[in-house]
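**Student:** Just one file: target.txt, with compact mmCIF, N, CA and C atoms.
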# COMPACT_ATOMS: atom_id res chain seq x y z
N MET Q 493 -13.31 2.78 13.06
CA MET Q 493 -12.08 2.44 13.74
C MET Q 493 -11.69 1.01 13.41
N ASN Q 494 -10.43 0.82 13.14
CA ASN Q 494 -9.91 -0.50 12.80
C ASN Q 494 -9.50 -1.26 14.06
N LYS Q 495 -9.65 -2.59 13.99
CA LYS Q 495 -9.27 -3.43 15.12
C LYS Q 495 -8.53 -4.65 14.61
N ILE Q 496 -7.28 -4.77 15.04
CA ILE Q 496 -6.47 -5.94 14.73
C ILE Q 496 -6.18 -6.65 16.04
N GLU Q 497 -6.60 -7.88 16.13
CA GLU Q 497 -6.32 -8.69 17.33
C GLU Q 497 -5.15 -9.62 17.01
N VAL Q 498 -4.17 -9.65 17.89
CA VAL Q 498 -3.01 -10.53 17.73
C VAL Q 498 -3.06 -11.56 18.85
N PHE Q 499 -3.05 -12.82 18.45
CA PHE Q 499 -3.07 -13.93 19.40
C PHE Q 499 -1.79 -14.73 19.24
N LYS Q 500 -1.22 -15.12 20.33
CA LYS Q 500 0.02 -15.88 20.33
C LYS Q 500 -0.27 -17.27 20.88
N GLU Q 501 -0.16 -18.28 20.03
CA GLU Q 501 -0.41 -19.66 20.42
C GLU Q 501 0.90 -20.40 20.69
N VAL Q 502 1.96 -19.64 20.91
CA VAL Q 502 3.26 -20.21 21.25
C VAL Q 502 3.70 -19.60 22.58
N ASP Q 503 4.52 -20.35 23.29
CA ASP Q 503 4.95 -19.92 24.62
C ASP Q 503 6.33 -19.29 24.56
N GLU Q 504 6.42 -18.15 23.90
CA GLU Q 504 7.67 -17.41 23.83
C GLU Q 504 7.36 -15.93 23.60
N GLU Q 505 8.28 -15.11 24.02
CA GLU Q 505 8.13 -13.67 23.80
C GLU Q 505 8.57 -13.36 22.37
N ILE Q 506 7.77 -12.56 21.69
CA ILE Q 506 8.09 -12.16 20.32
C ILE Q 506 7.92 -10.65 20.25
N GLU Q 507 9.01 -9.93 20.48
CA GLU Q 507 8.94 -8.48 20.56
C GLU Q 507 8.55 -7.84 19.22
N GLU Q 508 8.77 -8.53 18.13
CA GLU Q 508 8.46 -8.01 16.79
C GLU Q 508 6.97 -7.86 16.52
N LEU Q 509 6.13 -8.44 17.36
CA LEU Q 509 4.68 -8.39 17.13
C LEU Q 509 4.12 -6.98 17.25
N THR Q 510 4.70 -6.14 18.08
CA THR Q 510 4.23 -4.77 18.21
C THR Q 510 4.43 -4.01 16.90
N VAL Q 511 5.62 -4.16 16.32
CA VAL Q 511 5.90 -3.50 15.03
C VAL Q 511 5.00 -4.08 13.95
N MET Q 512 4.81 -5.41 13.97
CA MET Q 512 3.95 -6.05 12.97
C MET Q 512 2.55 -5.45 13.00
N GLU Q 513 2.02 -5.27 14.20
CA GLU Q 513 0.68 -4.68 14.33
C GLU Q 513 0.66 -3.24 13.80
N ASP Q 514 1.70 -2.48 14.10
CA ASP Q 514 1.81 -1.10 13.59
C ASP Q 514 1.86 -1.08 12.06
N VAL Q 515 2.61 -2.01 11.49
CA VAL Q 515 2.71 -2.10 10.02
C VAL Q 515 1.35 -2.43 9.41
N LEU Q 516 0.59 -3.30 10.06
CA LEU Q 516 -0.74 -3.64 9.55
C LEU Q 516 -1.69 -2.44 9.63
N HIS Q 517 -1.60 -1.65 10.68
CA HIS Q 517 -2.40 -0.42 10.76
C HIS Q 517 -1.98 0.55 9.65
N HIS Q 518 -0.68 0.58 9.38
CA HIS Q 518 -0.17 1.41 8.27
C HIS Q 518 -0.74 0.91 6.94
N ALA Q 519 -0.81 -0.40 6.75
CA ALA Q 519 -1.37 -0.97 5.52
C ALA Q 519 -2.83 -0.56 5.35
N LEU Q 520 -3.58 -0.54 6.45
CA LEU Q 520 -4.98 -0.10 6.38
C LEU Q 520 -5.06 1.36 5.93
N LYS Q 521 -4.14 2.19 6.43
CA LYS Q 521 -4.12 3.60 6.01
C LYS Q 521 -3.75 3.73 4.53
N VAL Q 522 -2.74 2.98 4.11
CA VAL Q 522 -2.32 3.01 2.70
C VAL Q 522 -3.49 2.64 1.79
N GLU Q 523 -4.27 1.66 2.21
CA GLU Q 523 -5.43 1.22 1.43
C GLU Q 523 -6.68 2.05 1.70
N ASN Q 524 -6.55 3.05 2.58
CA ASN Q 524 -7.66 3.95 2.92
C ASN Q 524 -8.89 3.17 3.41
N LEU Q 525 -8.64 2.22 4.31
CA LEU Q 525 -9.70 1.38 4.85
C LEU Q 525 -10.00 1.75 6.29
N ASP Q 526 -11.26 1.75 6.63
CA ASP Q 526 -11.67 2.03 8.00
C ASP Q 526 -12.78 1.06 8.38
N ASN Q 527 -12.97 0.88 9.67
CA ASN Q 527 -13.96 -0.06 10.20
C ASN Q 527 -13.68 -1.48 9.76
N ILE Q 528 -12.40 -1.87 9.88
CA ILE Q 528 -11.94 -3.20 9.50
C ILE Q 528 -11.52 -3.96 10.74
N ASN Q 529 -11.92 -5.22 10.83
CA ASN Q 529 -11.47 -6.12 11.90
C ASN Q 529 -10.85 -7.35 11.27
N PHE Q 530 -9.73 -7.80 11.83
CA PHE Q 530 -9.17 -9.10 11.47
C PHE Q 530 -8.21 -9.53 12.57
N ASN Q 531 -7.84 -10.81 12.52
CA ASN Q 531 -6.97 -11.40 13.53
C ASN Q 531 -5.68 -11.89 12.92
N VAL Q 532 -4.62 -11.83 13.71
CA VAL Q 532 -3.35 -12.46 13.37
C VAL Q 532 -3.06 -13.44 14.50
N ILE Q 533 -2.81 -14.70 14.13
CA ILE Q 533 -2.56 -15.74 15.11
C ILE Q 533 -1.17 -16.30 14.84
N ILE Q 534 -0.32 -16.21 15.85
CA ILE Q 534 1.05 -16.71 15.74
C ILE Q 534 1.07 -18.14 16.29
N VAL Q 535 1.54 -19.06 15.44
CA VAL Q 535 1.53 -20.49 15.79
C VAL Q 535 2.90 -21.09 15.50
N ASP Q 536 3.06 -22.38 15.82
CA ASP Q 536 4.31 -23.07 15.50
C ASP Q 536 4.13 -23.90 14.22
N ASN Q 537 5.21 -24.55 13.79
CA ASN Q 537 5.16 -25.34 12.55
C ASN Q 537 4.15 -26.48 12.63
N ASN Q 538 4.05 -27.13 13.78
CA ASN Q 538 3.10 -28.26 13.90
C ASN Q 538 1.67 -27.79 13.68
N TYR Q 539 1.33 -26.67 14.28
CA TYR Q 539 -0.03 -26.13 14.17
C TYR Q 539 -0.36 -25.75 12.72
N ILE Q 540 0.55 -25.01 12.09
CA ILE Q 540 0.27 -24.57 10.72
C ILE Q 540 0.32 -25.73 9.74
N HIS Q 541 1.13 -26.75 10.06
CA HIS Q 541 1.15 -27.97 9.24
C HIS Q 541 -0.23 -28.62 9.23
N GLU Q 542 -0.84 -28.73 10.41
CA GLU Q 542 -2.17 -29.31 10.51
C GLU Q 542 -3.21 -28.49 9.76
N LEU Q 543 -3.14 -27.16 9.86
CA LEU Q 543 -4.05 -26.30 9.10
C LEU Q 543 -3.88 -26.52 7.60
N ASN Q 544 -2.64 -26.55 7.16
CA ASN Q 544 -2.33 -26.73 5.74
C ASN Q 544 -2.83 -28.08 5.24
N LYS Q 545 -2.65 -29.10 6.05
CA LYS Q 545 -3.09 -30.45 5.70
C LYS Q 545 -4.62 -30.54 5.68
N ASN Q 546 -5.27 -30.01 6.70
CA ASN Q 546 -6.72 -30.15 6.82
C ASN Q 546 -7.51 -29.24 5.88
N TYR Q 547 -7.00 -28.06 5.59
CA TYR Q 547 -7.77 -27.10 4.80
C TYR Q 547 -7.28 -26.93 3.37
N ARG Q 548 -6.03 -27.32 3.10
CA ARG Q 548 -5.50 -27.15 1.75
C ARG Q 548 -5.02 -28.47 1.15
N ASP Q 549 -5.12 -29.56 1.92
CA ASP Q 549 -4.63 -30.87 1.48
C ASP Q 549 -3.16 -30.86 1.10
N ILE Q 550 -2.37 -30.04 1.79
CA ILE Q 550 -0.92 -29.98 1.58
C ILE Q 550 -0.27 -30.43 2.88
N ASP Q 551 0.42 -31.55 2.83
CA ASP Q 551 0.93 -32.20 4.04
C ASP Q 551 2.34 -31.71 4.40
N ARG Q 552 2.45 -30.42 4.71
CA ARG Q 552 3.71 -29.83 5.17
C ARG Q 552 3.41 -28.49 5.81
N GLU Q 553 4.39 -27.99 6.56
CA GLU Q 553 4.21 -26.65 7.13
C GLU Q 553 4.37 -25.60 6.04
N THR Q 554 3.88 -24.41 6.35
CA THR Q 554 4.01 -23.27 5.46
C THR Q 554 4.23 -22.04 6.34
N ASP Q 555 4.46 -20.90 5.73
CA ASP Q 555 4.76 -19.71 6.52
C ASP Q 555 3.51 -18.95 6.95
N VAL Q 556 2.53 -18.84 6.06
CA VAL Q 556 1.32 -18.07 6.36
C VAL Q 556 0.12 -18.71 5.67
N ILE Q 557 -0.99 -18.75 6.38
CA ILE Q 557 -2.27 -19.22 5.83
C ILE Q 557 -3.32 -18.19 6.24
N THR Q 558 -4.19 -17.87 5.29
CA THR Q 558 -5.27 -16.94 5.61
C THR Q 558 -6.61 -17.62 5.42
N PHE Q 559 -7.55 -17.20 6.23
CA PHE Q 559 -8.93 -17.64 6.12
C PHE Q 559 -9.77 -16.38 5.96
N ALA Q 560 -10.07 -16.05 4.72
CA ALA Q 560 -10.83 -14.84 4.41
C ALA Q 560 -12.32 -15.09 4.58
N LEU Q 561 -12.99 -14.15 5.22
CA LEU Q 561 -14.43 -14.25 5.38
C LEU Q 561 -15.17 -13.57 4.23
N GLU Q 562 -14.47 -12.76 3.47
CA GLU Q 562 -15.08 -12.10 2.31
C GLU Q 562 -14.63 -12.83 1.06
N ASP Q 563 -15.55 -13.48 0.41
CA ASP Q 563 -15.23 -14.07 -0.88
C ASP Q 563 -15.89 -13.25 -1.96
N ASP Q 564 -17.20 -13.34 -2.05
CA ASP Q 564 -17.92 -12.53 -3.02
C ASP Q 564 -18.72 -11.43 -2.33
N ASP Q 565 -19.17 -11.70 -1.13
CA ASP Q 565 -19.96 -10.72 -0.39
C ASP Q 565 -19.15 -10.22 0.79
N THR Q 566 -19.31 -8.98 1.11
CA THR Q 566 -18.63 -8.39 2.25
C THR Q 566 -19.38 -8.76 3.52
N LEU Q 567 -18.65 -9.28 4.51
CA LEU Q 567 -19.24 -9.57 5.81
C LEU Q 567 -19.18 -8.30 6.64
N VAL Q 568 -20.32 -7.74 6.94
CA VAL Q 568 -20.40 -6.52 7.72
C VAL Q 568 -21.19 -6.82 8.98
N VAL Q 569 -20.64 -6.41 10.12
CA VAL Q 569 -21.34 -6.56 11.39
C VAL Q 569 -21.62 -5.16 11.92
N GLY Q 570 -22.43 -5.06 12.94
CA GLY Q 570 -22.85 -3.77 13.50
C GLY Q 570 -21.93 -2.60 13.21
N ASP Q 571 -22.53 -1.44 13.03
CA ASP Q 571 -21.80 -0.19 12.76
C ASP Q 571 -20.94 -0.26 11.50
N ASP Q 572 -21.35 -1.04 10.53
CA ASP Q 572 -20.64 -1.13 9.24
C ASP Q 572 -19.19 -1.57 9.37
N VAL Q 573 -18.90 -2.47 10.30
CA VAL Q 573 -17.55 -3.00 10.48
C VAL Q 573 -17.38 -4.22 9.59
N ARG Q 574 -16.35 -4.18 8.74
CA ARG Q 574 -16.01 -5.33 7.90
C ARG Q 574 -15.10 -6.26 8.67
N VAL Q 575 -15.44 -7.54 8.71
CA VAL Q 575 -14.61 -8.56 9.34
C VAL Q 575 -13.93 -9.34 8.22
N LEU Q 576 -12.60 -9.18 8.11
CA LEU Q 576 -11.88 -9.78 6.99
C LEU Q 576 -11.56 -11.25 7.18
N GLY Q 577 -11.20 -11.66 8.42
CA GLY Q 577 -10.85 -13.05 8.65
C GLY Q 577 -9.62 -13.18 9.52
N ASP Q 578 -8.86 -14.27 9.30
CA ASP Q 578 -7.72 -14.61 10.14
C ASP Q 578 -6.47 -14.84 9.30
N ILE Q 579 -5.34 -14.39 9.86
CA ILE Q 579 -4.02 -14.65 9.28
C ILE Q 579 -3.26 -15.51 10.29
N TYR Q 580 -2.84 -16.69 9.89
CA TYR Q 580 -2.01 -17.56 10.73
C TYR Q 580 -0.58 -17.48 10.22
N ILE Q 581 0.35 -17.19 11.14
CA ILE Q 581 1.77 -17.11 10.78
C ILE Q 581 2.54 -18.10 11.65
N SER Q 582 3.38 -18.91 11.01
CA SER Q 582 4.26 -19.82 11.74
C SER Q 582 5.50 -19.06 12.17
N ILE Q 583 5.69 -18.91 13.48
CA ILE Q 583 6.88 -18.23 13.99
C ILE Q 583 8.13 -19.04 13.66
N ASP Q 584 8.02 -20.37 13.67
CA ASP Q 584 9.17 -21.22 13.34
C ASP Q 584 9.62 -20.98 11.90
N LYS Q 585 8.65 -20.94 10.99
CA LYS Q 585 8.96 -20.73 9.58
C LYS Q 585 9.48 -19.31 9.36
N ALA Q 586 8.90 -18.34 10.05
CA ALA Q 586 9.36 -16.95 9.93
C ALA Q 586 10.83 -16.84 10.35
N LYS Q 587 11.19 -17.49 11.45
CA LYS Q 587 12.59 -17.45 11.91
C LYS Q 587 13.53 -18.09 10.90
N SER Q 588 13.15 -19.26 10.38
CA SER Q 588 14.04 -19.94 9.43
C SER Q 588 14.15 -19.17 8.11
N GLN Q 589 13.06 -18.57 7.66
CA GLN Q 589 13.10 -17.80 6.42
C GLN Q 589 13.89 -16.50 6.60
N ALA Q 590 13.79 -15.87 7.75
CA ALA Q 590 14.58 -14.65 8.01
C ALA Q 590 16.06 -14.99 7.91
N GLU Q 591 16.44 -16.11 8.51
CA GLU Q 591 17.84 -16.54 8.43
C GLU Q 591 18.23 -16.88 6.99
N GLU Q 592 17.38 -17.63 6.32
CA GLU Q 592 17.65 -18.04 4.94
C GLU Q 592 17.79 -16.84 4.00
N TYR Q 593 16.93 -15.83 4.17
CA TYR Q 593 16.96 -14.66 3.30
C TYR Q 593 17.91 -13.57 3.77
N GLY Q 594 18.50 -13.76 4.95
CA GLY Q 594 19.50 -12.82 5.44
C GLY Q 594 18.93 -11.48 5.90
N HIS Q 595 17.71 -11.50 6.43
CA HIS Q 595 17.17 -10.28 7.00
C HIS Q 595 16.59 -10.57 8.39
N SER Q 596 16.07 -9.55 9.01
CA SER Q 596 15.63 -9.66 10.40
C SER Q 596 14.30 -10.40 10.52
N LEU Q 597 14.06 -10.92 11.72
CA LEU Q 597 12.77 -11.53 12.02
C LEU Q 597 11.67 -10.48 11.92
N LYS Q 598 11.97 -9.26 12.31
CA LYS Q 598 10.99 -8.17 12.19
C LYS Q 598 10.53 -8.01 10.75
N ARG Q 599 11.48 -8.00 9.82
CA ARG Q 599 11.14 -7.84 8.41
C ARG Q 599 10.30 -9.03 7.93
N GLU Q 600 10.67 -10.23 8.33
CA GLU Q 600 9.96 -11.42 7.86
C GLU Q 600 8.54 -11.48 8.41
N ILE Q 601 8.38 -11.21 9.70
CA ILE Q 601 7.04 -11.24 10.29
C ILE Q 601 6.16 -10.16 9.68
N CYS Q 602 6.71 -8.99 9.48
CA CYS Q 602 5.93 -7.90 8.86
C CYS Q 602 5.56 -8.24 7.43
N PHE Q 603 6.50 -8.82 6.68
CA PHE Q 603 6.20 -9.24 5.32
C PHE Q 603 5.07 -10.27 5.29
N LEU Q 604 5.17 -11.29 6.15
CA LEU Q 604 4.14 -12.34 6.16
C LEU Q 604 2.78 -11.79 6.56
N ALA Q 605 2.77 -10.88 7.52
CA ALA Q 605 1.50 -10.28 7.96
C ALA Q 605 0.88 -9.45 6.85
N VAL Q 606 1.67 -8.64 6.18
CA VAL Q 606 1.16 -7.81 5.08
C VAL Q 606 0.71 -8.70 3.92
N HIS Q 607 1.48 -9.74 3.65
CA HIS Q 607 1.11 -10.70 2.61
C HIS Q 607 -0.27 -11.30 2.93
N GLY Q 608 -0.45 -11.73 4.17
CA GLY Q 608 -1.73 -12.29 4.60
C GLY Q 608 -2.85 -11.27 4.52
N PHE Q 609 -2.55 -10.02 4.90
CA PHE Q 609 -3.53 -8.94 4.82
C PHE Q 609 -4.06 -8.78 3.39
N TYR Q 610 -3.16 -8.78 2.42
CA TYR Q 610 -3.62 -8.63 1.04
C TYR Q 610 -4.40 -9.86 0.56
N HIS Q 611 -4.06 -11.03 1.06
CA HIS Q 611 -4.90 -12.20 0.76
C HIS Q 611 -6.31 -12.01 1.32
N LEU Q 612 -6.41 -11.48 2.54
CA LEU Q 612 -7.74 -11.24 3.13
C LEU Q 612 -8.54 -10.26 2.29
N LEU Q 613 -7.85 -9.33 1.64
CA LEU Q 613 -8.53 -8.35 0.78
C LEU Q 613 -8.86 -8.91 -0.60
N GLY Q 614 -8.45 -10.16 -0.86
CA GLY Q 614 -8.81 -10.80 -2.13
C GLY Q 614 -7.70 -10.84 -3.16
N TYR Q 615 -6.53 -10.34 -2.83
CA TYR Q 615 -5.40 -10.40 -3.77
C TYR Q 615 -4.79 -11.78 -3.74
N ASP Q 616 -4.20 -12.17 -4.87
CA ASP Q 616 -3.56 -13.48 -4.97
C ASP Q 616 -2.34 -13.36 -5.87
N HIS Q 617 -1.62 -14.46 -6.00
CA HIS Q 617 -0.41 -14.47 -6.83
C HIS Q 617 -0.32 -15.77 -7.63
N MET Q 618 -1.47 -16.17 -8.16
CA MET Q 618 -1.52 -17.40 -8.94
C MET Q 618 -0.99 -17.20 -10.36
N THR Q 619 -1.08 -15.98 -10.87
CA THR Q 619 -0.53 -15.66 -12.18
C THR Q 619 0.55 -14.60 -12.01
N LYS Q 620 1.37 -14.43 -13.03
CA LYS Q 620 2.44 -13.42 -12.98
C LYS Q 620 1.85 -12.02 -12.80
N GLU Q 621 0.74 -11.73 -13.45
CA GLU Q 621 0.13 -10.40 -13.33
C GLU Q 621 -0.42 -10.16 -11.93
N GLU Q 622 -1.10 -11.16 -11.37
CA GLU Q 622 -1.60 -11.04 -9.99
C GLU Q 622 -0.44 -10.85 -9.01
N GLU Q 623 0.62 -11.63 -9.21
CA GLU Q 623 1.79 -11.54 -8.35
C GLU Q 623 2.41 -10.14 -8.41
N LYS Q 624 2.51 -9.60 -9.60
CA LYS Q 624 3.09 -8.27 -9.78
C LYS Q 624 2.30 -7.22 -8.99
N VAL Q 625 0.97 -7.28 -9.08
CA VAL Q 625 0.10 -6.32 -8.39
C VAL Q 625 0.22 -6.50 -6.87
N MET Q 626 0.07 -7.75 -6.41
CA MET Q 626 0.08 -8.00 -4.97
C MET Q 626 1.43 -7.66 -4.34
N PHE Q 627 2.51 -8.08 -4.98
CA PHE Q 627 3.83 -7.84 -4.41
C PHE Q 627 4.20 -6.36 -4.44
N ALA Q 628 3.72 -5.62 -5.43
CA ALA Q 628 3.96 -4.17 -5.46
C ALA Q 628 3.26 -3.50 -4.29
N LYS Q 629 2.04 -3.93 -4.00
CA LYS Q 629 1.30 -3.37 -2.86
C LYS Q 629 2.02 -3.68 -1.54
N GLN Q 630 2.47 -4.92 -1.39
CA GLN Q 630 3.20 -5.32 -0.18
C GLN Q 630 4.45 -4.46 0.00
N GLU Q 631 5.20 -4.31 -1.08
CA GLU Q 631 6.45 -3.56 -1.01
C GLU Q 631 6.19 -2.09 -0.70
N GLU Q 632 5.12 -1.53 -1.26
CA GLU Q 632 4.76 -0.14 -0.97
C GLU Q 632 4.52 0.05 0.53
N VAL Q 633 3.74 -0.85 1.12
CA VAL Q 633 3.43 -0.76 2.56
C VAL Q 633 4.72 -0.89 3.38
N LEU Q 634 5.49 -1.91 3.12
CA LEU Q 634 6.69 -2.16 3.92
C LEU Q 634 7.71 -1.03 3.78
N SER Q 635 7.99 -0.61 2.56
CA SER Q 635 9.01 0.42 2.36
C SER Q 635 8.56 1.77 2.89
N SER Q 636 7.27 2.11 2.73
CA SER Q 636 6.79 3.40 3.24
C SER Q 636 6.76 3.42 4.76
N TYR Q 637 6.73 2.25 5.39
CA TYR Q 637 6.83 2.17 6.85
C TYR Q 637 8.30 2.18 7.30
N GLY Q 638 9.19 1.81 6.39
CA GLY Q 638 10.61 1.76 6.74
C GLY Q 638 11.15 0.36 6.96
N ILE Q 639 10.40 -0.65 6.52
CA ILE Q 639 10.84 -2.03 6.64
C ILE Q 639 11.46 -2.41 5.30
N THR Q 640 12.78 -2.63 5.30
CA THR Q 640 13.49 -2.98 4.07
C THR Q 640 14.19 -4.32 4.23
N ARG Q 641 14.68 -4.81 3.12
CA ARG Q 641 15.38 -6.10 3.15
C ARG Q 641 16.72 -5.97 3.81
Go through the file and emit its structure as structure tokens.

**Tutor:**
Amino acid sequence: MNKIEVFKEVDEEIEELTVMEDVLHHALKVENLDNINFNVIIVDNNYIHELNKNYRDIDRETDVITFALEDDDTLVVGDDVRVLGDIYISIDKAKSQAEEYGHSLKREICFLAVHGFYHLLGYDHMTKEEEKVMFAKQEEVLSSYGITR
């Protein structure tokens, strides 16, 4: 059984989080994964700026940061449960990017969460080929769930 914990470190209601969690469960099904645990933490720009500065040496806010627990070895805890790590999403950045790209906050939060999910699984976009693979997977999950631009 999969377990996704969503934590909100901001003091506002974000109705899109329910759909985001559903989309992440859909992503697990698309990838045929079971016994997976990971967290999604919703933060503000100040919080994610500090994470970016302290862990990546980049002194600015960003939209999503992941902390994967699986690098080369799979972290398995009791009952063969894989613990993937944490996805931090800036709600401030998600709102501004949704406006900038002309789509809904729901679409942006779901995109960022799925993007972070694939980072936790070890996908990256440092090269054009990696980007092509990762972004195709993201788009497959979002479109098959019904989240479009």

**Student:** Find, counting only C-alpha atoms, the residue in Q:Arg641, Q:Arg548, Q:Lys629, Q:His541 that gets nearest to Val606 (chain Q).

**Tutor:**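 The shortest atom-to-atom distance to Val606 (chain Q) comes from Q:Lys629.
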
**Student:** Quick one: pick out all alpha helix (DSSP H) residues within chain Q from a backbone DSSP run and write them as a ChimeraX atom specification.

**Tutor:** /Q:508-522,537-548,583-593,597-612,620-637

**Student:** Extract, using only C-alpha atoms, all DNA, RNA and protein residues at most 9 Å from region 506-510 of chain Q, discarding same-chain residues fewer than 4 positions from it, and format them as a list in words.

**Tutor:**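 Selected residues are Val498, Lys500, Asp514, Val515, Ile583, Leu597, Lys598, Arg599, Ile601 and Cys602 of chain Q.
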
**Student:** When distances are computed from all atoms listed in the file, which of Q:Gly594, Q:Leu604, Q:Asn529, Q:Gly614 shows the smallest separation from Ile557 (chain Q)?

**Tutor:**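 Among Q:Gly594, Q:Leu604, Q:Asn529, Q:Gly614, it is Q:Leu604 that comes nearest to Ile557 (chain Q).
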
**Student:** Which residue, Q:Asp536, Q:Asp526, Q:Glu631, Q:Glu504, has the smallest gap to Val575 (chain Q) when you use only C-alpha atoms?

**Tutor:**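 Closest candidate: Q:Asp526.
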
**Student:** Skip Glu600 (chain Q) itself and residues of its chain fewer than 3 positions away, then list as JSON, numbers by chain all residues within 6 Å of it, counting only C-alpha atoms.

**Tutor:** {"Q": [586, 590, 597, 603]}

**Student:** Measuring between all atoms listed in the file, which one of Q:Met493, Q:Ala519, Q:Asn546, Q:Phe499 shows the shortest distance to Glu632 (chain Q)?

**Tutor:**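 Closest residue, counting all atoms listed in the file: Q:Ala519.
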
**Student:** Work out how far CA of Asn537 (chain Q) is from CA of Tyr637 (chain Q), in Å to one decimal.

**Tutor:** 28.1 Å

**Student:** Check chain Q with DSSP on the backbone and list each residue it calls strand (DSSP E or B), as JSON, numbers by chain.

**Tutor:** {"Q": [495, 496, 497, 498, 499, 500, 528, 529, 530, 531, 532, 533, 534, 535, 556, 557, 558, 559, 560, 568, 569, 573, 574, 575, 576, 577, 578, 579, 580, 581, 582]}

**Student:** Save out the residues we just selected, N, CA and C atoms, as a tab-separated table (two decimals), keeping the file's coordinate frame.

**Tutor:**
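Ended up saving to out-v2.tsv:
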chain	number	residue	atom	x	y	z
Q	495	LYS	N	-9.65	-2.59	13.99
Q	495	LYS	CA	-9.27	-3.43	15.12
Q	495	LYS	C	-8.53	-4.65	14.61
Q	496	ILE	N	-7.28	-4.77	15.04
Q	496	ILE	CA	-6.47	-5.94	14.73
Q	496	ILE	C	-6.18	-6.65	16.04
Q	497	GLU	N	-6.60	-7.88	16.13
Q	497	GLU	CA	-6.32	-8.69	17.33
Q	497	GLU	C	-5.15	-9.62	17.01
Q	498	VAL	N	-4.17	-9.65	17.89
Q	498	VAL	CA	-3.01	-10.53	17.73
Q	498	VAL	C	-3.06	-11.56	18.85
Q	499	PHE	N	-3.05	-12.82	18.45
Q	499	PHE	CA	-3.07	-13.93	19.40
Q	499	PHE	C	-1.79	-14.73	19.24
Q	500	LYS	N	-1.22	-15.12	20.33
Q	500	LYS	CA	0.02	-15.88	20.33
Q	500	LYS	C	-0.27	-17.27	20.88
Q	528	ILE	N	-12.40	-1.87	9.88
Q	528	ILE	CA	-11.94	-3.20	9.50
Q	528	ILE	C	-11.52	-3.96	10.74
Q	529	ASN	N	-11.92	-5.22	10.83
Q	529	ASN	CA	-11.47	-6.12	11.90
Q	529	ASN	C	-10.85	-7.35	11.27
Q	530	PHE	N	-9.73	-7.80	11.83
Q	530	PHE	CA	-9.17	-9.10	11.47
Q	530	PHE	C	-8.21	-9.53	12.57
Q	531	ASN	N	-7.84	-10.81	12.52
Q	531	ASN	CA	-6.97	-11.40	13.53
Q	531	ASN	C	-5.68	-11.89	12.92
Q	532	VAL	N	-4.62	-11.83	13.71
Q	532	VAL	CA	-3.35	-12.46	13.37
Q	532	VAL	C	-3.06	-13.44	14.50
Q	533	ILE	N	-2.81	-14.70	14.13
Q	533	ILE	CA	-2.56	-15.74	15.11
Q	533	ILE	C	-1.17	-16.30	14.84
Q	534	ILE	N	-0.32	-16.21	15.85
Q	534	ILE	CA	1.05	-16.71	15.74
Q	534	ILE	C	1.07	-18.14	16.29
Q	535	VAL	N	1.54	-19.06	15.44
Q	535	VAL	CA	1.53	-20.49	15.79
Q	535	VAL	C	2.90	-21.09	15.50
Q	556	VAL	N	2.53	-18.84	6.06
Q	556	VAL	CA	1.32	-18.07	6.36
Q	556	VAL	C	0.12	-18.71	5.67
Q	557	ILE	N	-0.99	-18.75	6.38
Q	557	ILE	CA	-2.27	-19.22	5.83
Q	557	ILE	C	-3.32	-18.19	6.24
Q	558	THR	N	-4.19	-17.87	5.29
Q	558	THR	CA	-5.27	-16.94	5.61
Q	558	THR	C	-6.61	-17.62	5.42
Q	559	PHE	N	-7.55	-17.20	6.23
Q	559	PHE	CA	-8.93	-17.64	6.12
Q	559	PHE	C	-9.77	-16.38	5.96
Q	560	ALA	N	-10.07	-16.05	4.72
Q	560	ALA	CA	-10.83	-14.84	4.41
Q	560	ALA	C	-12.32	-15.09	4.58
Q	568	VAL	N	-20.32	-7.74	6.94
Q	568	VAL	CA	-20.40	-6.52	7.72
Q	568	VAL	C	-21.19	-6.82	8.98
Q	569	VAL	N	-20.64	-6.41	10.12
Q	569	VAL	CA	-21.34	-6.56	11.39
Q	569	VAL	C	-21.62	-5.16	11.92
Q	573	VAL	N	-18.90	-2.47	10.30
Q	573	VAL	CA	-17.55	-3.00	10.48
Q	573	VAL	C	-17.38	-4.22	9.59
Q	574	ARG	N	-16.35	-4.18	8.74
Q	574	ARG	CA	-16.01	-5.33	7.90
Q	574	ARG	C	-15.10	-6.26	8.67
Q	575	VAL	N	-15.44	-7.54	8.71
Q	575	VAL	CA	-14.61	-8.56	9.34
Q	575	VAL	C	-13.93	-9.34	8.22
Q	576	LEU	N	-12.60	-9.18	8.11
Q	576	LEU	CA	-11.88	-9.78	6.99
Q	576	LEU	C	-11.56	-11.25	7.18
Q	577	GLY	N	-11.20	-11.66	8.42
Q	577	GLY	CA	-10.85	-13.05	8.65
Q	577	GLY	C	-9.62	-13.18	9.52
Q	578	ASP	N	-8.86	-14.27	9.30
Q	578	ASP	CA	-7.72	-14.61	10.14
Q	578	ASP	C	-6.47	-14.84	9.30
Q	579	ILE	N	-5.34	-14.39	9.86
Q	579	ILE	CA	-4.02	-14.65	9.28
Q	579	ILE	C	-3.26	-15.51	10.29
Q	580	TYR	N	-2.84	-16.69	9.89
Q	580	TYR	CA	-2.01	-17.56	10.73
Q	580	TYR	C	-0.58	-17.48	10.22
Q	581	ILE	N	0.35	-17.19	11.14
Q	581	ILE	CA	1.77	-17.11	10.78
Q	581	ILE	C	2.54	-18.10	11.65
Q	582	SER	N	3.38	-18.91	11.01
Q	582	SER	CA	4.26	-19.82	11.74
Q	582	SER	C	5.50	-19.06	12.17

**Student:** Quick one: axis-aligned box around all listed atoms of region 500-518 of chain Q, 8 Å on every side, centre and edge lengths in Å to one decimal, written as AutoDock Vina command-line options.

**Tutor:**
--center_x 3.3 --center_y -9.5 --center_z 15.8 --size_x 27.4 --size_y 37.8 --size_z 33.7

**Student:** What does the distance from atom C of Glu505 (chain Q) to atom C of Ile581 (chain Q) come to in Å, to one decimal?

**Tutor:**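 Taking atom C of Glu505 (chain Q) as the start and atom C of Ile581 (chain Q) as the end point, the length is 13.2 Å.
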